[in-house]
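K.L.:
Here it is, the structure in full.
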Amino acid sequence: MRNAVIIDVVRTASGRGKPGGALSGVHPVALLATVLRSLIERNDLDPARIDDVIGGCVQQVGEQSSNITRNAVLSAGFPVTVPATTIDRQCGSSQQAAHFGAQGVIAGAYDIVIACGVESMSRIPMGTPTIGQDPQDARIHARYPEGLVNQGVAAELIAKKWKLDREALDAYSAASHQRAADAAAAGAFDNEVVPVTAPAPDGTTGTHLVDQTVRAGTSAEGLAALKPSFATADMRARFPDIDWKITPGNSSPLTDAASAALIMSEQTANALGLRPRARFHAFSVVGDDPMLMLTGPIPATQKVLARAGLTIDDIDAYEVNEAFAPVPLAWAHDLAADPGKLNPRGGAIALGHALGASGTRLLGTLVNYLEATGGRYGLQTMCEGGGMANATIIERL
């Protein structure tokens with residue numbers, strides 16, 4: 001069987017996903033083109049050799065519409081012969097892009113592929129594609145007559161079901177910021193972050209290289225002062241037994257970012273003189289309860305471990321996307337996972353969750369952590385809107 005190997009993974013530093021954020025002046029096509037171009041330049045690769053570019057983007061409207069990945073390929077200066085497509089598996093879009101790319105290599109359909117993702121949440125505010133629209137038809141409404149809930153309320157339902165109190169959520173979130181700040185101070189992100197030229201509000205132009213969403217001084221005590229975000233009057237009436245506790249502090253912030261991974265067959269890497277850093281070992285994707293919505297990483301992890309013939313104790317590090325603090329905490333509880341291996345360089349609560357970019361962002365952080373620590377197996381998993389999840393196991397080479 002052909003091995004699909006990871007040669008390199010890069011990302012931009014995060015920018016706050018609101019007007020005035022560090023990357024809010026950068027068109028999302030340019031943001032994605034930056035990481036595509038960096039990936040090629042870092043590895044001295046002729047872009048004409050790329051068989052496909054598969055990109056993840058959730059809010060495919062406005063500046064992110066019309067197959068943003070193809071537009072980014074053209075913006076990056078790649079030959080017109082390089083094709084590209086954009087996919088949406090919600091928050092796991094670029095992780096799914098990596099799955100599709102690696103699976104294409106294993107199947108022999110590709111020799112070289114780039115998986116990538118982008119989201120500009122400052123320029124395309126969350127929810128823009130559905131303004132004035134109902135994405136669910138009459139049969140879905142009949143199947144769920146009380147109505148499905150948004151992700152924040154789903155996080156509240158998970159916290160209630162797993163008996164996670166506010167103190168545990170805030171303590172976990174503060175630790176995420178501290179781990180990310182410590183990692184940044186130690187230069188742990190230097191090998192994955194590439195510079196972005198970005199205009200500043202004052203009209204000058206600068207280089208963005210530092211995650212804007214990490215707050216080194218975050219404490220559980222400070223987070224405790226924040227008010228719940230999703231306790232609207234109608235939700236309180238619908239769920240009177242919820243002790244509302246999901247706040248901006250224990251949720252991932254709105255973020256602008258892009259990321260990209262260079263994937264190829266092991267034979268092609270050897271022929272080009274490129275060093276494979278890791279190989280894809282196993283994949284899974286699952287559907288789960290669309291009401292709880294964010295619990296999919298639990299069955300996705302169980303499925304991928306079974307496929308790989310491994311146990312959770314065989315895994316040296318886990319990257320579990322921190323959409324909301326209850327997600328990794330419930331996951332760790334049900335998998336009996338070692339908390340010391342969970343998001344050891346911080347997670348999305350600190351580093352940000354730029355929707356379509358997060359999957360390949362997690363992949364890069366995982367590869368670099370395994371290399372730094374000598375670990376063999378790494379697992380990443382991502383909860384996704386609508387009650388889905390991807391899980392990936394990679395093996396460091």
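Note on naming: chains are A, B, ... as they come in the structure tokens, residues start from 1 per chain, ligands start from 1 in the order shown.
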Might you pull out every residue within 10 Å of Glu192 (chain A), with only C-alpha atoms counted and same-chain residues fewer than 5 positions away left off, and present them as a PyMOL selection string?
P.N.:
chain A and resi 8-13+259-260+361+364-365+367-368
K.L.:
Write out the residues from the selection above, keeping C-alpha atoms, as a PDB file, in the first residue's frame.
P.N.:
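And here is the file that came out, again04.pdb:
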ATOM      1  CA  ASP A   8       5.364  20.266   5.785  1.00  0.00           C
ATOM      2  CA  VAL A   9       2.517  22.167   7.435  1.00  0.00           C
ATOM      3  CA  VAL A  10       2.332  25.940   7.791  1.00  0.00           C
ATOM      4  CA  ARG A  11      -0.131  28.441   9.149  1.00  0.00           C
ATOM      5  CA  THR A  12      -0.597  32.115   9.703  1.00  0.00           C
ATOM      6  CA  ALA A  13      -0.639  33.454  13.212  1.00  0.00           C
ATOM      7  CA  SER A 259      -3.140  26.951   7.092  1.00  0.00           C
ATOM      8  CA  ALA A 260      -1.841  24.385   4.595  1.00  0.00           C
ATOM      9  CA  ARG A 361      -3.668  24.129  11.967  1.00  0.00           C
ATOM     10  CA  GLY A 364       0.820  21.235  12.025  1.00  0.00           C
ATOM     11  CA  THR A 365       0.913  21.767  15.769  1.00  0.00           C
ATOM     12  CA  VAL A 367       3.491  17.172  13.874  1.00  0.00           C
ATOM     13  CA  ASN A 368       5.791  19.737  15.465  1.00  0.00           C
TER      14      ASN A 368
END
K.L.:
Fewer than 2 positions away in the same chain doesn't count, so skip those; otherwise give me all residues within 10 Å of Gln60 (chain A), counting only C-alpha atoms, as a compact mmCIF listing (two decimals) with C-alpha atoms, in the first residue's frame.
P.N.:
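Okay, around_8.txt is ready:
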# COMPACT_ATOMS: atom_id res chain seq x y z
CA GLY A 56 -11.71 23.96 3.64
CA CYS A 57 -13.89 27.01 4.17
CA VAL A 58 -17.16 27.14 6.08
CA GLY A 62 -18.95 37.02 -0.52
CA GLU A 63 -15.16 37.18 -0.55
CA GLN A 64 -15.02 33.48 0.34
CA SER A 65 -17.34 32.34 -2.45
CA SER A 66 -16.73 31.06 -5.98
CA ASN A 67 -14.30 28.30 -4.97
CA ILE A 68 -11.93 30.34 -2.81
CA THR A 86 -13.32 23.96 -1.71
CA ILE A 87 -15.21 21.75 0.73
CA ASP A 88 -17.37 22.34 3.79
CA GLU A 119 -11.60 31.66 7.31
CA ILE A 124 -17.38 37.40 6.70
CA THR A 128 -23.57 35.50 7.04
CA PRO A 129 -24.56 32.69 4.60
CA GLY A 356 -12.06 26.30 7.79
K.L.:
So, counting only C-alpha atoms, which residue among A:Met388, A:Ala350, A:Asp170, A:His208 is closest to Leu226 (chain A)?
P.N.:
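Checking each of A:Met388, A:Ala350, A:Asp170, A:His208 against Leu226 (chain A), counting only C-alpha atoms, the winner is A:Asp170.
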K.L.:
Work out how far apart CA of Arg236 (chain A) and CA of Glu156 (chain A) are and give it in Å to one decimal.
P.N.:
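Distance between the two atoms: 11.4 Å.
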K.L.:
Name the closest residue to Met382 (chain A) among the candidates A:Gly92, A:Gly117, A:Pro328, A:Pro199; distances are taken between atoms, counting only C-alpha atoms.
P.N.:
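Between A:Gly92, A:Gly117, A:Pro328, A:Pro199, the residue approaching Met382 (chain A) most closely is A:Gly92.
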K.L.:
From a DSSP pass on the backbone, collect the residues of region 202-392 of chain A flagged as strand (DSSP E or B) and hand them back as a VMD selection string.
P.N.:
chain A and resid 205 to 208 251 255 to 265 278 to 287 317 to 320 324 342 377 to 384 388 to 392
K.L.:
Hey, what's within 6 Å of Arg279 (chain A) if we count only C-alpha atoms and toss same-chain stuff fewer than 5 positions away? As an MDAnalysis selection string, please?
P.N.:
chainID A and resid 4:6 394:395
K.L.:
May I ask which of the residues A:Asp46, A:Asp338, A:Asp111, A:Asp256 is the closest one to Ser24 (chain A), counting only C-alpha atoms?
P.N.:
A:Asp256
K.L.:
So which one's closest to Asp182 (chain A), A:Ala225, A:Gly346, A:Val196, A:Pro326? Using only C-alpha atoms, please.
P.N.:
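Nearest candidate to Asp182 (chain A) out of A:Ala225, A:Gly346, A:Val196, A:Pro326: A:Gly346.
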K.L.:
Give the answer as one residue: which of A:Ile54, A:Ala180, A:Ala278, A:Val73 has the shortest atom-to-atom distance to Ala115 (chain A), using only C-alpha atoms?
P.N.:
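Closest candidate: A:Ile54.
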K.L.:
Within 10 Å of Ser265 (chain A), counting only C-alpha atoms, which residues show up once you throw out same-chain ones fewer than 5 positions away? Write them as a short mmCIF file (atom, residue, chain, number, x, y, z; two decimals) with N, CA and C atoms, in the first residue's frame, please.
P.N.:
data_model
loop_
_atom_site.label_atom_id
_atom_site.label_comp_id
_atom_site.auth_asym_id
_atom_site.auth_seq_id
_atom_site.Cartn_x
_atom_site.Cartn_y
_atom_site.Cartn_z
N ARG A 2 0.49 2.25 -0.79
CA ARG A 2 1.22 3.51 -0.81
C ARG A 2 1.00 4.26 0.49
N ASN A 3 2.06 4.81 1.05
CA ASN A 3 1.96 5.65 2.23
C ASN A 3 1.74 7.10 1.81
N ALA A 4 0.82 7.78 2.48
CA ALA A 4 0.65 9.22 2.32
C ALA A 4 1.42 9.89 3.45
N VAL A 5 2.38 10.73 3.10
CA VAL A 5 3.24 11.33 4.11
C VAL A 5 3.09 12.85 4.13
N ILE A 6 3.39 13.41 5.27
CA ILE A 6 3.34 14.86 5.47
C ILE A 6 4.76 15.40 5.35
N ILE A 7 4.94 16.31 4.42
CA ILE A 7 6.25 16.93 4.22
C ILE A 7 6.38 18.21 5.04
N ALA A 102 -4.91 12.77 1.49
CA ALA A 102 -4.13 11.59 1.84
C ALA A 102 -4.74 10.32 1.26
N GLY A 104 -6.47 10.12 -1.43
CA GLY A 104 -6.19 10.14 -2.85
C GLY A 104 -4.78 9.66 -3.16
N VAL A 105 -3.83 10.03 -2.29
CA VAL A 105 -2.45 9.55 -2.47
C VAL A 105 -2.39 8.04 -2.26
N ILE A 106 -3.02 7.56 -1.18
CA ILE A 106 -3.01 6.12 -0.88
C ILE A 106 -3.64 5.32 -2.03
N GLY A 108 -3.66 6.13 -5.12
CA GLY A 108 -2.92 6.27 -6.36
C GLY A 108 -3.47 7.33 -7.29
N TYR A 110 -3.40 10.61 -6.60
CA TYR A 110 -2.51 11.76 -6.49
C TYR A 110 -1.10 11.28 -6.15
N ASP A 111 -0.12 12.07 -6.60
CA ASP A 111 1.25 11.93 -6.10
C ASP A 111 1.56 13.04 -5.12
N ILE A 112 1.10 14.25 -5.42
CA ILE A 112 1.32 15.42 -4.57
C ILE A 112 0.02 16.19 -4.46
N VAL A 113 -0.35 16.55 -3.25
CA VAL A 113 -1.58 17.30 -3.02
C VAL A 113 -1.35 18.26 -1.86
N ASN A 270 10.69 10.68 -1.69
CA ASN A 270 12.06 10.17 -1.81
C ASN A 270 12.68 10.58 -3.15
N ALA A 271 11.89 10.53 -4.21
CA ALA A 271 12.41 10.91 -5.52
C ALA A 271 12.78 12.38 -5.59
N PRO A 276 9.99 12.99 4.55
CA PRO A 276 8.67 12.80 5.18
C PRO A 276 8.77 12.97 6.69
N ARG A 279 3.43 10.09 8.67
CA ARG A 279 2.54 9.46 7.70
C ARG A 279 1.14 9.37 8.30
#
K.L.:
Considering only C-alpha atoms, can you say which of A:Thr373, A:Thr232, A:Ala261, A:Gly309 comes closest to Gly101 (chain A)?
P.N.:
A:Ala261
K.L.:
What are the closest atom pairs, with distances in Å to one decimal, for each residue of region 96-149 of chain A lying within 9 Å of region 249-255 of chain A, using only C-alpha atoms, rows by chain and rising residue number, as a tab-separated table?
P.N.:
residue	atom	partner	partner_atom	distance
A:Glu119	CA	A:Thr255	CA	7.6
A:Ser120	CA	A:Thr255	CA	6.9
A:Met121	CA	A:Thr255	CA	5.7
A:Ser122	CA	A:Thr255	CA	7.3
A:Pro125	CA	A:Leu254	CA	8.9
A:Met126	CA	A:Leu254	CA	8.3
K.L.:
Rounded to one decimal in Å, what is the spacing between CA of Gln96 (chain A) and CA of Leu363 (chain A)?
P.N.:
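For CA of Gln96 (chain A) relative to CA of Leu363 (chain A), the distance reads 11.4 Å.
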K.L.:
So the first atom is CA of Gly386 (chain A) and the second is CA of Pro228 (chain A); what is the distance between them in Å, to one decimal place?
P.N.:
22.4 Å
K.L.:
Name the residues of region 285-332 of chain A that fall into helix (DSSP H, G or I) according to DSSP on the backbone, using the chain letters and numbers of this document, as a list in words.
P.N.:
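Going through region 285-332 of chain A, the helix (DSSP H, G or I) residues come out as Pro297, Ile298, Pro299, Ala300, Thr301, Gln302, Lys303, Val304, Leu305, Ala306, Arg307, Ala308, Ile312, Asp313, Asp314, Pro326, Val327, Pro328, Leu329, Ala330, Trp331 and Ala332 of chain A.
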K.L.:
Just the residues within 10 Å of Asp288 (chain A), please, counting only C-alpha atoms, with nothing from its chain fewer than 3 positions along; format it as a list of chain:residue names.
P.N.:
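Contacts, with the query itself left out: A:Met291, A:Leu292, A:Met293, A:Leu294, A:Thr295, A:Gly296, A:Pro297, A:Ile298, A:Pro299, A:Ala300, A:Cys383, A:Glu384, A:Gly386, A:Gly387, A:Met388, A:Ala389.
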